[in-house]
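Participant: Just my_file_34.txt, nothing more (compact mmCIF, C-alpha atoms and all ligand atoms):
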```
# COMPACT_ATOMS: atom_id res chain seq x y z
CA MET A 19 -61.77 58.60 3.97
CA PRO A 20 -62.37 55.05 5.35
CA GLN A 21 -64.35 54.81 8.60
CA THR A 22 -62.41 55.10 11.85
CA SER A 23 -62.82 52.22 14.30
CA GLU A 24 -66.08 51.62 16.14
CA ARG A 25 -64.23 51.70 19.43
CA THR A 26 -63.32 55.37 18.95
CA ALA A 27 -67.00 56.17 18.46
CA SER A 28 -67.95 54.52 21.72
CA PHE A 29 -66.50 57.14 24.07
CA THR A 30 -66.36 60.90 24.03
CA GLU A 31 -63.44 63.22 24.62
CA SER A 32 -62.62 63.80 28.26
CA VAL A 33 -65.10 66.22 29.88
CA ILE A 34 -62.41 67.15 32.41
CA ARG A 35 -59.95 68.20 29.76
CA ARG A 36 -62.71 70.02 27.84
CA MET A 37 -63.52 72.05 30.97
CA THR A 38 -59.89 73.20 31.05
CA ARG A 39 -60.42 74.67 27.57
CA VAL A 40 -63.65 76.33 28.77
CA ALA A 41 -61.73 77.79 31.74
CA ASN A 42 -59.12 79.21 29.36
CA GLN A 43 -61.78 80.64 27.06
CA TYR A 44 -63.36 82.65 29.90
CA ASN A 45 -60.15 83.29 31.81
CA ALA A 46 -61.67 81.47 34.76
CA ILE A 47 -59.75 80.02 37.71
CA ASN A 48 -59.36 76.43 36.65
CA LEU A 49 -60.60 74.19 39.45
CA SER A 50 -61.64 71.54 36.92
CA GLN A 51 -58.66 69.46 35.76
CA GLY A 52 -56.71 68.33 38.84
CA PHE A 53 -53.17 69.60 38.56
CA PRO A 54 -51.16 71.96 40.79
CA ASP A 55 -50.39 75.60 40.00
CA PHE A 56 -47.34 75.42 42.30
CA ASP A 57 -43.82 74.14 41.69
CA PRO A 58 -42.53 70.63 42.43
CA PRO A 59 -39.99 70.26 45.26
CA ALA A 60 -36.85 72.34 44.53
CA ALA A 61 -34.54 69.32 44.92
CA LEU A 62 -36.42 67.57 42.13
CA VAL A 63 -36.13 70.53 39.77
CA ALA A 64 -32.40 70.78 40.56
CA ALA A 65 -31.97 67.06 39.82
CA LEU A 66 -33.68 67.55 36.46
CA GLU A 67 -31.31 70.41 35.62
CA GLY A 68 -28.35 68.13 36.35
CA VAL A 69 -29.77 65.29 34.27
CA ALA A 70 -30.24 67.64 31.31
CA ARG A 71 -26.45 67.94 31.24
CA THR A 72 -25.39 64.40 32.19
CA GLY A 73 -28.15 62.30 30.64
CA PRO A 74 -29.40 59.66 30.14
CA HIS A 75 -31.10 60.86 26.98
CA GLN A 76 -31.73 57.52 25.26
CA TYR A 77 -34.25 54.75 25.94
CA ALA A 78 -34.21 53.26 29.41
CA VAL A 79 -34.89 49.54 29.91
CA THR A 80 -38.47 49.18 28.71
CA TRP A 81 -39.95 48.21 32.10
CA GLY A 82 -38.03 50.94 33.94
CA ALA A 83 -34.43 52.03 34.51
CA PRO A 84 -32.87 49.66 37.07
CA ASN A 85 -31.87 52.45 39.51
CA PHE A 86 -35.37 53.99 39.30
CA ARG A 87 -37.00 50.61 39.91
CA GLN A 88 -34.71 49.98 42.84
CA ALA A 89 -35.58 53.32 44.48
CA LEU A 90 -39.28 52.84 43.71
CA ALA A 91 -39.34 49.30 45.13
CA ALA A 92 -37.64 50.55 48.30
CA LYS A 93 -40.10 53.44 48.72
CA GLN A 94 -43.21 51.36 48.01
CA SER A 95 -42.01 48.42 50.16
CA ARG A 96 -41.72 50.85 53.05
CA TRP A 97 -45.20 52.34 52.59
CA MET A 98 -47.05 49.21 51.49
CA LYS A 99 -45.23 47.03 54.04
CA ILE A 100 -44.69 44.41 51.35
CA PRO A 101 -41.21 43.29 50.30
CA LEU A 102 -40.94 44.20 46.61
CA ASP A 103 -38.32 42.96 44.20
CA PRO A 104 -37.44 45.66 41.65
CA ASP A 105 -36.75 42.99 39.03
CA ARG A 106 -39.93 40.94 39.48
CA HIS A 107 -42.73 43.05 40.91
CA LEU A 108 -42.81 46.31 38.93
CA VAL A 109 -43.27 47.89 35.53
CA VAL A 110 -42.60 51.61 35.19
CA THR A 111 -45.19 53.29 32.96
CA CYS A 112 -46.17 56.69 31.58
CA GLY A 113 -48.26 57.70 34.56
CA SER A 114 -50.97 55.77 36.32
CA THR A 115 -53.00 56.39 33.17
CA GLU A 116 -50.84 53.97 31.22
CA ALA A 117 -50.50 51.69 34.24
CA MET A 118 -54.30 51.26 34.37
CA MET A 119 -54.50 50.60 30.63
CA VAL A 120 -51.69 48.03 30.88
CA ALA A 121 -53.41 46.43 33.88
CA MET A 122 -56.71 46.16 32.04
CA MET A 123 -55.19 44.82 28.84
CA THR A 124 -53.13 42.29 30.79
CA ALA A 125 -56.07 41.13 32.94
CA CYS A 126 -58.95 41.09 30.47
CA ASN A 127 -59.95 39.27 27.32
CA PRO A 128 -62.38 41.00 24.95
CA GLY A 129 -65.86 40.28 26.29
CA ASP A 130 -64.79 40.05 29.94
CA SER A 131 -66.42 42.37 32.44
CA VAL A 132 -65.01 44.60 35.16
CA ILE A 133 -66.69 46.08 38.23
CA VAL A 134 -66.39 49.86 38.54
CA PHE A 135 -67.70 51.83 41.50
CA SER A 136 -69.75 54.86 40.45
CA PRO A 137 -68.90 57.76 40.65
CA PHE A 138 -65.63 56.91 38.94
CA TYR A 139 -62.63 58.58 37.37
CA GLU A 140 -63.67 58.94 33.76
CA ASN A 141 -60.63 57.12 32.27
CA TYR A 142 -61.94 53.77 33.52
CA GLY A 143 -64.83 53.76 31.02
CA ALA A 144 -62.41 54.34 28.13
CA ASP A 145 -59.91 51.83 29.57
CA ALA A 146 -62.64 49.19 29.55
CA ILE A 147 -63.68 49.98 25.98
CA LEU A 148 -60.10 50.00 24.71
CA SER A 149 -59.43 46.63 26.30
CA GLY A 150 -62.72 45.18 25.06
CA ALA A 151 -64.25 44.75 28.52
CA HIS A 152 -67.81 45.51 29.67
CA THR A 153 -68.40 47.51 32.81
CA ILE A 154 -70.64 46.51 35.70
CA TYR A 155 -71.30 49.62 37.79
CA VAL A 156 -71.88 49.47 41.53
CA PRO A 157 -73.12 52.73 43.06
CA LEU A 158 -71.35 54.50 45.89
CA ARG A 159 -74.26 56.45 47.33
CA PRO A 160 -73.84 60.13 48.26
CA PRO A 161 -73.41 61.75 50.70
CA ASP A 162 -71.05 59.22 52.34
CA PHE A 163 -70.37 57.13 49.23
CA THR A 164 -70.81 53.71 50.78
CA PHE A 165 -71.69 50.63 48.72
CA ASP A 166 -74.42 48.13 49.40
CA PRO A 167 -72.76 44.72 50.04
CA ALA A 168 -75.70 42.93 48.39
CA GLU A 169 -75.29 45.03 45.22
CA LEU A 170 -71.57 44.29 45.19
CA ARG A 171 -72.19 40.55 45.58
CA ALA A 172 -74.73 40.66 42.73
CA ALA A 173 -72.05 42.30 40.56
CA PHE A 174 -69.52 39.60 41.47
CA LYS A 175 -72.10 36.95 40.59
CA GLN A 176 -71.82 38.15 37.00
CA ARG A 177 -68.29 36.69 37.08
CA PRO A 178 -66.18 39.79 36.38
CA LYS A 179 -62.52 39.38 35.57
CA ALA A 180 -61.52 42.36 37.69
CA LEU A 181 -62.73 45.09 40.02
CA ILE A 182 -61.31 48.60 39.70
CA LEU A 183 -60.68 50.28 43.03
CA CYS A 184 -59.82 53.97 43.09
CA ASN A 185 -58.64 54.63 46.64
CA PRO A 186 -58.52 57.45 47.74
CA SER A 187 -61.23 58.14 45.28
CA ASN A 188 -61.61 60.76 42.60
CA PRO A 189 -64.14 62.45 42.47
CA SER A 190 -65.80 61.59 45.79
CA GLY A 191 -62.78 61.99 48.10
CA LYS A 192 -63.79 58.69 49.71
CA VAL A 193 -61.11 56.71 51.52
CA PHE A 194 -62.21 53.09 51.75
CA LYS A 195 -62.28 51.74 55.29
CA ARG A 196 -60.43 48.53 56.14
CA GLU A 197 -63.76 46.67 56.69
CA GLU A 198 -64.99 47.74 53.25
CA LEU A 199 -61.75 46.55 51.67
CA LEU A 200 -61.96 43.25 53.55
CA ALA A 201 -65.50 42.76 52.21
CA ILE A 202 -64.23 43.37 48.65
CA ALA A 203 -61.29 41.03 49.31
CA ALA A 204 -63.59 38.22 50.46
CA LEU A 205 -65.65 38.53 47.26
CA ALA A 206 -62.54 38.75 45.06
CA GLU A 207 -61.32 35.54 46.68
CA GLU A 208 -64.68 33.77 46.40
CA PHE A 209 -65.11 34.69 42.71
CA ASP A 210 -61.39 34.56 41.81
CA THR A 211 -61.20 38.12 40.53
CA PHE A 212 -58.33 40.55 40.01
CA VAL A 213 -58.47 43.83 41.93
CA ILE A 214 -56.88 46.66 39.95
CA THR A 215 -56.19 49.61 42.22
CA ASP A 216 -55.58 53.22 41.25
CA GLU A 217 -53.82 54.76 44.26
CA VAL A 218 -52.42 58.00 42.87
CA TYR A 219 -53.65 59.84 46.00
CA GLU A 220 -52.13 57.32 48.45
CA HIS A 221 -50.24 60.11 50.27
CA ILE A 222 -53.13 62.60 50.38
CA VAL A 223 -55.36 61.15 53.11
CA TYR A 224 -56.75 63.52 55.76
CA ALA A 225 -56.74 62.65 59.47
CA PRO A 226 -58.30 60.62 61.00
CA HIS A 227 -58.66 58.57 57.80
CA GLN A 228 -55.91 56.16 56.82
CA HIS A 229 -54.87 54.66 53.54
CA VAL A 230 -54.93 50.87 53.45
CA TYR A 231 -53.14 49.29 50.48
CA PHE A 232 -55.37 46.58 49.06
CA ALA A 233 -52.31 44.53 48.08
CA ALA A 234 -51.27 44.43 51.74
CA LEU A 235 -54.48 42.79 52.97
CA PRO A 236 -54.00 39.17 54.02
CA GLY A 237 -53.65 36.94 50.96
CA MET A 238 -54.41 39.71 48.48
CA PHE A 239 -51.01 40.41 46.88
CA LYS A 240 -51.39 37.58 44.34
CA ARG A 241 -54.63 39.01 42.88
CA THR A 242 -53.96 42.73 43.25
CA VAL A 243 -52.59 44.90 40.48
CA SER A 244 -51.54 48.13 42.19
CA CYS A 245 -51.30 51.15 39.88
CA SER A 246 -50.04 54.52 40.99
CA SER A 247 -47.69 57.30 40.02
CA LEU A 248 -45.44 60.12 41.07
CA SER A 249 -47.77 62.73 39.52
CA LYS A 250 -49.69 63.81 42.61
CA THR A 251 -47.24 62.83 45.35
CA TYR A 252 -44.47 65.02 43.95
CA SER A 253 -46.56 67.60 42.02
CA ILE A 254 -45.15 66.45 38.67
CA THR A 255 -48.22 65.53 36.63
CA GLY A 256 -46.35 66.45 33.43
CA TRP A 257 -43.46 64.07 34.03
CA ARG A 258 -45.65 61.06 33.28
CA LEU A 259 -44.05 58.58 35.68
CA GLY A 260 -46.21 55.77 36.99
CA TYR A 261 -46.03 52.08 37.73
CA VAL A 262 -47.77 48.76 38.07
CA ILE A 263 -46.95 46.55 41.06
CA ALA A 264 -48.12 42.94 40.97
CA ALA A 265 -47.10 39.31 41.32
CA PRO A 266 -44.30 38.21 38.94
CA ALA A 267 -46.58 36.14 36.67
CA PHE A 268 -48.75 39.21 36.04
CA ILE A 269 -45.75 41.54 35.64
CA ASP A 270 -44.19 39.26 33.01
CA CYS A 271 -47.26 39.81 30.81
CA ALA A 272 -47.75 43.47 31.73
CA ARG A 273 -44.19 44.25 30.61
CA LYS A 274 -44.99 43.00 27.11
CA VAL A 275 -48.14 45.14 26.87
CA HIS A 276 -46.27 48.19 28.15
CA ASP A 277 -43.33 47.64 25.79
CA PHE A 278 -45.52 47.63 22.71
CA LEU A 279 -47.71 50.50 23.91
CA THR A 280 -45.00 53.03 24.78
CA VAL A 281 -41.53 51.36 24.92
CA GLY A 282 -41.00 53.19 28.17
CA ALA A 283 -41.31 56.20 30.40
CA ALA A 284 -38.91 59.10 29.77
CA ALA A 285 -35.37 58.09 30.77
CA PRO A 286 -34.13 61.53 31.95
CA LEU A 287 -37.21 62.00 34.10
CA GLN A 288 -36.80 58.60 35.73
CA GLU A 289 -33.20 59.49 36.53
CA ALA A 290 -34.16 62.85 38.05
CA ALA A 291 -37.11 61.44 40.00
CA ILE A 292 -34.89 59.05 41.95
CA THR A 293 -34.12 62.06 44.15
CA ALA A 294 -37.79 62.27 45.15
CA LEU A 295 -38.08 58.55 45.82
CA HIS A 296 -35.43 59.00 48.52
CA PHE A 297 -37.36 61.76 50.36
CA ASP A 298 -37.90 60.90 54.01
CA ASP A 299 -41.11 60.90 56.08
CA ALA A 300 -40.87 64.65 56.67
CA TYR A 301 -41.64 65.25 52.99
CA PHE A 302 -44.88 63.27 53.17
CA ALA A 303 -45.91 64.99 56.41
CA LYS A 304 -45.34 68.39 54.78
CA LEU A 305 -47.27 67.39 51.66
CA LEU A 306 -50.22 66.29 53.75
CA ALA A 307 -50.11 69.39 55.96
CA SER A 308 -50.11 71.56 52.86
CA TYR A 309 -53.12 69.77 51.30
CA THR A 310 -54.93 69.80 54.65
CA ARG A 311 -54.57 73.61 54.71
CA LYS A 312 -55.72 73.90 51.10
CA ARG A 313 -58.75 71.75 51.92
CA ASP A 314 -59.56 73.93 54.94
CA VAL A 315 -59.20 77.16 52.94
CA PHE A 316 -61.41 75.89 50.14
CA LEU A 317 -64.07 74.32 52.36
CA ASP A 318 -64.23 77.60 54.31
CA ALA A 319 -64.79 79.42 51.03
CA LEU A 320 -67.62 77.02 50.19
CA ASN A 321 -69.12 77.63 53.65
CA VAL A 322 -68.98 81.39 53.14
CA ALA A 323 -70.64 80.97 49.75
CA GLU A 324 -73.27 78.78 51.51
CA LEU A 325 -72.70 75.85 49.21
CA SER A 326 -73.20 72.30 50.47
CA TYR A 327 -70.67 69.57 49.83
CA THR A 328 -69.30 66.22 51.01
CA ILE A 329 -66.13 66.60 53.09
CA PRO A 330 -63.31 64.85 51.23
CA GLN A 331 -61.46 62.20 53.26
CA GLY A 332 -58.62 62.00 50.75
CA ALA A 333 -57.40 63.25 47.34
CA TYR A 334 -58.00 66.90 46.41
CA TYR A 335 -61.52 67.12 45.07
CA VAL A 336 -64.83 68.16 46.51
CA LEU A 337 -68.29 67.38 45.15
CA VAL A 338 -70.65 70.32 45.63
CA ASN A 339 -74.42 70.03 45.53
CA VAL A 340 -75.85 72.65 43.15
CA SER A 341 -79.45 71.40 43.09
CA GLU A 342 -80.54 74.76 44.49
CA PHE A 343 -79.49 76.30 41.15
CA SER A 344 -79.82 73.45 38.70
CA ARG A 345 -81.07 69.90 39.24
CA ASP A 346 -80.67 68.49 35.78
CA ASP A 347 -78.14 70.49 33.79
CA ASP A 348 -74.76 70.36 35.48
CA ILE A 349 -73.01 70.88 32.13
CA GLY A 350 -74.89 74.13 31.46
CA PHE A 351 -74.32 75.17 35.06
CA CYS A 352 -70.54 74.63 34.83
CA GLU A 353 -70.37 76.64 31.58
CA TRP A 354 -72.33 79.45 33.25
CA LEU A 355 -70.11 79.29 36.33
CA ALA A 356 -66.91 79.60 34.27
CA ARG A 357 -68.34 82.43 32.15
CA GLU A 358 -70.20 84.47 34.77
CA VAL A 359 -68.42 83.72 38.05
CA GLY A 360 -64.95 82.97 36.69
CA VAL A 361 -64.42 79.59 38.35
CA ALA A 362 -64.27 76.35 36.36
CA ALA A 363 -65.58 73.04 37.73
CA VAL A 364 -66.36 69.65 36.19
CA PRO A 365 -70.02 68.57 35.77
CA GLY A 366 -70.60 65.66 38.14
CA SER A 367 -72.50 63.68 35.50
CA SER A 368 -69.22 62.84 33.80
CA PHE A 369 -68.31 60.69 36.81
CA PHE A 370 -71.62 58.92 37.48
CA HIS A 371 -73.15 55.99 35.69
CA GLU A 372 -76.48 56.87 37.37
CA PRO A 373 -78.37 59.97 36.17
CA VAL A 374 -76.85 62.38 38.71
CA ARG A 375 -77.00 65.96 37.46
CA HIS A 376 -76.90 68.05 40.62
CA LEU A 377 -73.25 67.74 41.63
CA ILE A 378 -70.17 69.52 40.36
CA ARG A 379 -66.52 68.79 41.20
CA PHE A 380 -63.91 71.35 42.19
CA HIS A 381 -60.27 70.51 42.87
CA PHE A 382 -58.13 72.39 45.35
CA ALA A 383 -54.55 71.53 44.28
CA LYS A 384 -53.87 75.25 43.98
CA ARG A 385 -51.91 77.89 45.84
CA GLU A 386 -53.81 79.29 48.82
CA GLU A 387 -54.00 82.72 47.07
CA THR A 388 -55.65 81.05 44.06
CA LEU A 389 -58.14 79.28 46.34
CA ALA A 390 -58.86 82.51 48.24
CA GLU A 391 -59.53 84.32 44.94
CA ALA A 392 -61.80 81.46 43.82
CA GLY A 393 -63.60 81.85 47.17
CA GLU A 394 -64.10 85.61 46.56
CA ARG A 395 -65.64 84.84 43.17
CA LEU A 396 -67.85 82.06 44.52
CA LYS A 397 -69.28 84.50 47.08
CA THR A 398 -70.91 86.30 44.15
CA LEU A 399 -72.45 83.12 42.69
CA ARG A 400 -75.87 83.42 44.31
CA ASP A 401 -76.39 87.07 43.32
CA ARG A 402 -75.15 86.52 39.80
CA TRP A 403 -77.44 83.50 39.42
CA ARG A 404 -80.44 85.53 40.60
CA ARG A 405 -79.58 88.32 38.17
CA SER A 406 -79.20 85.97 35.21
CA HIS A 407 -82.17 83.75 36.06
CA GLY A 408 -84.61 86.25 37.47
C1 LIG B 501 -57.82 58.73 40.05
C2 LIG B 501 -56.80 59.18 39.08
N1 LIG B 501 -56.04 58.27 38.47
C3 LIG B 501 -55.10 58.63 37.59
C4 LIG B 501 -54.88 59.96 37.28
C5 LIG B 501 -53.82 60.31 36.30
O1 LIG B 501 -52.60 59.98 36.87
P1 LIG B 501 -51.25 60.03 36.07
O2 LIG B 501 -50.83 61.45 35.95
O3 LIG B 501 -50.32 59.25 36.92
O4 LIG B 501 -51.47 59.40 34.75
C6 LIG B 501 -55.66 60.95 37.88
C7 LIG B 501 -55.48 62.37 37.53
O5 LIG B 501 -56.25 63.23 37.84
C8 LIG B 501 -56.64 60.54 38.80
O6 LIG B 501 -57.41 61.44 39.43
```
Would you kindly transcribe this structure into structure tokens?
Ligand SMILES: Cc1ncc(COP(=O)(O)O)c(C=O)c1O
Facilitator:
Amino acid sequence: MPQTSERTASFTESVIRRMTRVANQYNAINLSQGFPDFDPPAALVAALEGVARTGPHQYAVTWGAPNFRQALAAKQSRWMKIPLDPDRHLVVTCGSTEAMMVAMMTACNPGDSVIVFSPFYENYGADAILSGAHTIYVPLRPPDFTFDPAELRAAFKQRPKALILCNPSNPSGKVFKREELLAIAALAEEFDTFVITDEVYEHIVYAPHQHVYFAALPGMFKRTVSCSSLSKTYSITGWRLGYVIAAPAFIDCARKVHDFLTVGAAAPLQEAAITALHFDDAYFAKLLASYTRKRDVFLDALNVAELSYTIPQGAYYVLVNVSEFSRDDDIGFCEWLAREVGVAAVPGSSFFHEPVRHLIRFHFAKREETLAEAGERLKTLRDRWRRSHG
């Protein structure tokens, strides 16, 4: 067989998705890959049933069905406090995953560089490779995951084409403060850089923290490429509905990239999801209350198990410090944890550019019963570790 491309050799399969297979192998509670084990809102499921009968079942307009774009523009205009034109400011994509890829391929030439904060969501490394860009990593230092402004300026001095901003952040749970975002904005302006945001957790931000849309900062709309999706907000990760929001000149190019990558997001699912885009504020308050409870239940379980962690400010992940058990083999530790304790986590090293091997990531987008059961199992961790390691 001829050789496959060099680019496919330059990244590995997703560690997160591999941990899901490990969880299945040992019948462990899967707190690795971040998706809910509960149903989406009933109204959304009912809408999907209706659409199965009435259609549409054929291709939608490549950059998004007009009625879906209209509802999406209305919802995002309200939250972002930016007037959005459904015909000029958006492309509907297959999840934020495709949105990020489209954003990168639209922004970058091969050989360009992009700034990525570390720890980072693992897709960004592959996105950079697939679009031919180099990464410049800027550390967010645990436990509070702040960046050093001098390090960020040094990264900008390397003339990157874009900075990737995951806010709220996976895996750290960091919610960037307005002052931090203003500091990034000033550098993006000074060095004329795009800011590509991944805001899939925009509605999961725990009080007193608040989500600030980068695109809504003064003067930033023209250089911001906002990527997000319906996956987390409406508990429909399998529907694969996402979007890019940007200035018309960027969107014109992004539409072409998206068209040739996927043609479009699923037409029946766009039609059904319009129902969700019309949900009022009460829906978002309920979503947040539910995740706040899940966070409390899971953090309590970690307290009972005497594990130390950074309190997440947003999203639904928590990084736990396991240096007491293993300082340099988080992969081995996670395998052991899934096999012997019955709870699956993701080794922290898959998120860090720096050699960090003492953190693991759990997610808590699970029913409270599932989290309580995970807590029961984690209580046994210390004893089981002593028994297996003497
Ligand atoms: C930060 C981040 N971005 C994107 C995604 C994937 O989003 P989507 O389902 O919209 O492709 C995830 C999923 O875990 C994520 O954590």
Participant: Need to verify the contact set: range 307-311 of chain A, 12 Å, only C-alpha atoms, exclusion of same-chain residues closer than 6 positions in sequence. Can you return it as a ChimeraX atom specification?
Facilitator: /A:54,56,219,221-226,250-251,253,300-301,317-318,329-335,381-387,389-390
Participant: For ligand LIG 501 (chain B), which of A:Glu140, A:Glu391, A:Asp299, A:Asp210 is the closest residue, counting only C-alpha atoms and all ligand atoms?
Facilitator: A:Glu140
Participant: Using all atoms listed in the file, what table do you get, as a Markdown table, when you list each residue of chain A with an atom no more than 8 Å from ligand LIG 501 (chain B), its nearest pair of atoms, and their distance in Å rounded to one decimal, rows by chain then rising number?
Facilitator:
```
| residue | atom | partner | partner_atom | distance |
| --- | --- | --- | --- | --- |
| A:Gln51 | CA | B:LIG501 | O5 | 7.0 |
| A:Gly52 | CA | B:LIG501 | O5 | 5.2 |
| A:Phe53 | CA | B:LIG501 | O5 | 7.1 |
| A:Cys112 | CA | B:LIG501 | O4 | 6.7 |
| A:Gly113 | CA | B:LIG501 | O3 | 3.5 |
| A:Ser114 | CA | B:LIG501 | O3 | 3.6 |
| A:Thr115 | CA | B:LIG501 | O4 | 3.7 |
| A:Glu116 | CA | B:LIG501 | O4 | 6.5 |
| A:Ala117 | CA | B:LIG501 | O4 | 7.8 |
| A:Tyr139 | CA | B:LIG501 | C1 | 5.5 |
| A:Asn141 | CA | B:LIG501 | N1 | 7.8 |
| A:Cys184 | CA | B:LIG501 | C1 | 6.0 |
| A:Asn185 | CA | B:LIG501 | C1 | 7.8 |
| A:Pro186 | CA | B:LIG501 | C1 | 7.8 |
| A:Ser187 | CA | B:LIG501 | C1 | 6.3 |
| A:Asn188 | CA | B:LIG501 | C1 | 5.0 |
| A:Pro189 | CA | B:LIG501 | O6 | 7.5 |
| A:Asp216 | CA | B:LIG501 | N1 | 5.8 |
| A:Glu217 | CA | B:LIG501 | C1 | 7.0 |
| A:Val218 | CA | B:LIG501 | N1 | 5.7 |
| A:Tyr219 | CA | B:LIG501 | C1 | 7.4 |
| A:Ser246 | CA | B:LIG501 | O3 | 6.2 |
| A:Ser247 | CA | B:LIG501 | O3 | 4.5 |
| A:Leu248 | CA | B:LIG501 | O3 | 6.5 |
| A:Ser249 | CA | B:LIG501 | O2 | 4.9 |
| A:Lys250 | CA | B:LIG501 | O2 | 7.2 |
| A:Thr255 | CA | B:LIG501 | O2 | 4.9 |
| A:Gly256 | CA | B:LIG501 | O2 | 7.2 |
| A:Arg258 | CA | B:LIG501 | O2 | 5.8 |
| A:Leu259 | CA | B:LIG501 | O3 | 6.4 |
| A:Gly260 | CA | B:LIG501 | O3 | 5.4 |
```
Participant: Show me as a PyMOL selection string the residues that reach within 12 Å of (-40.9, 50.6, 45.0), counting all atoms listed in the file and using the file's own coordinates.
Facilitator: chain A and resi 82+84-110+244-248+260-264+292+295-296
Participant: For CA of Thr80 in chain A and CA of Leu279 in chain A, quote the distance in Å rounded to one decimal.
Facilitator: 10.5 Å
Participant: To one decimal in Å, tell me the separation between CA of Pro137 in chain A and CA of Arg375 in chain A.
Facilitator: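 Atom-to-atom, CA of Pro137 in chain A and CA of Arg375 in chain A are spaced 12.0 Å apart.
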Participant: For Ala65 in chain A, which of A:Glu353, A:Asn321, A:Glu289, A:Pro365 is the closest residue, counting only C-alpha atoms?
Facilitator: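 Distance minimum relative to Ala65 in chain A lands on A:Glu289.
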Participant: Go through A:Gly408, A:Gly360, A:Gly191, A:Pro74 one by one, measure the shortest atom-to-atom distance of each to Leu396 in chain A using all atoms listed in the file, and give the residue with the smallest value.
Facilitator: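 Of A:Gly408, A:Gly360, A:Gly191, A:Pro74, the one nearest Leu396 in chain A is A:Gly360, counting all atoms listed in the file.
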Participant: Counting all atoms listed in the file, which of A:Ile133, A:Ala70, A:Leu320, A:Ala144 gets nearest to Val156 in chain A?
Facilitator: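 That would be A:Ile133, the residue with the smallest distance to Val156 in chain A.
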Participant: Could you please determine the separation between CA of Asp57 in chain A and CA of Ile254 in chain A in Å, to one decimal place?
Facilitator: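 It comes out at 8.4 Å.
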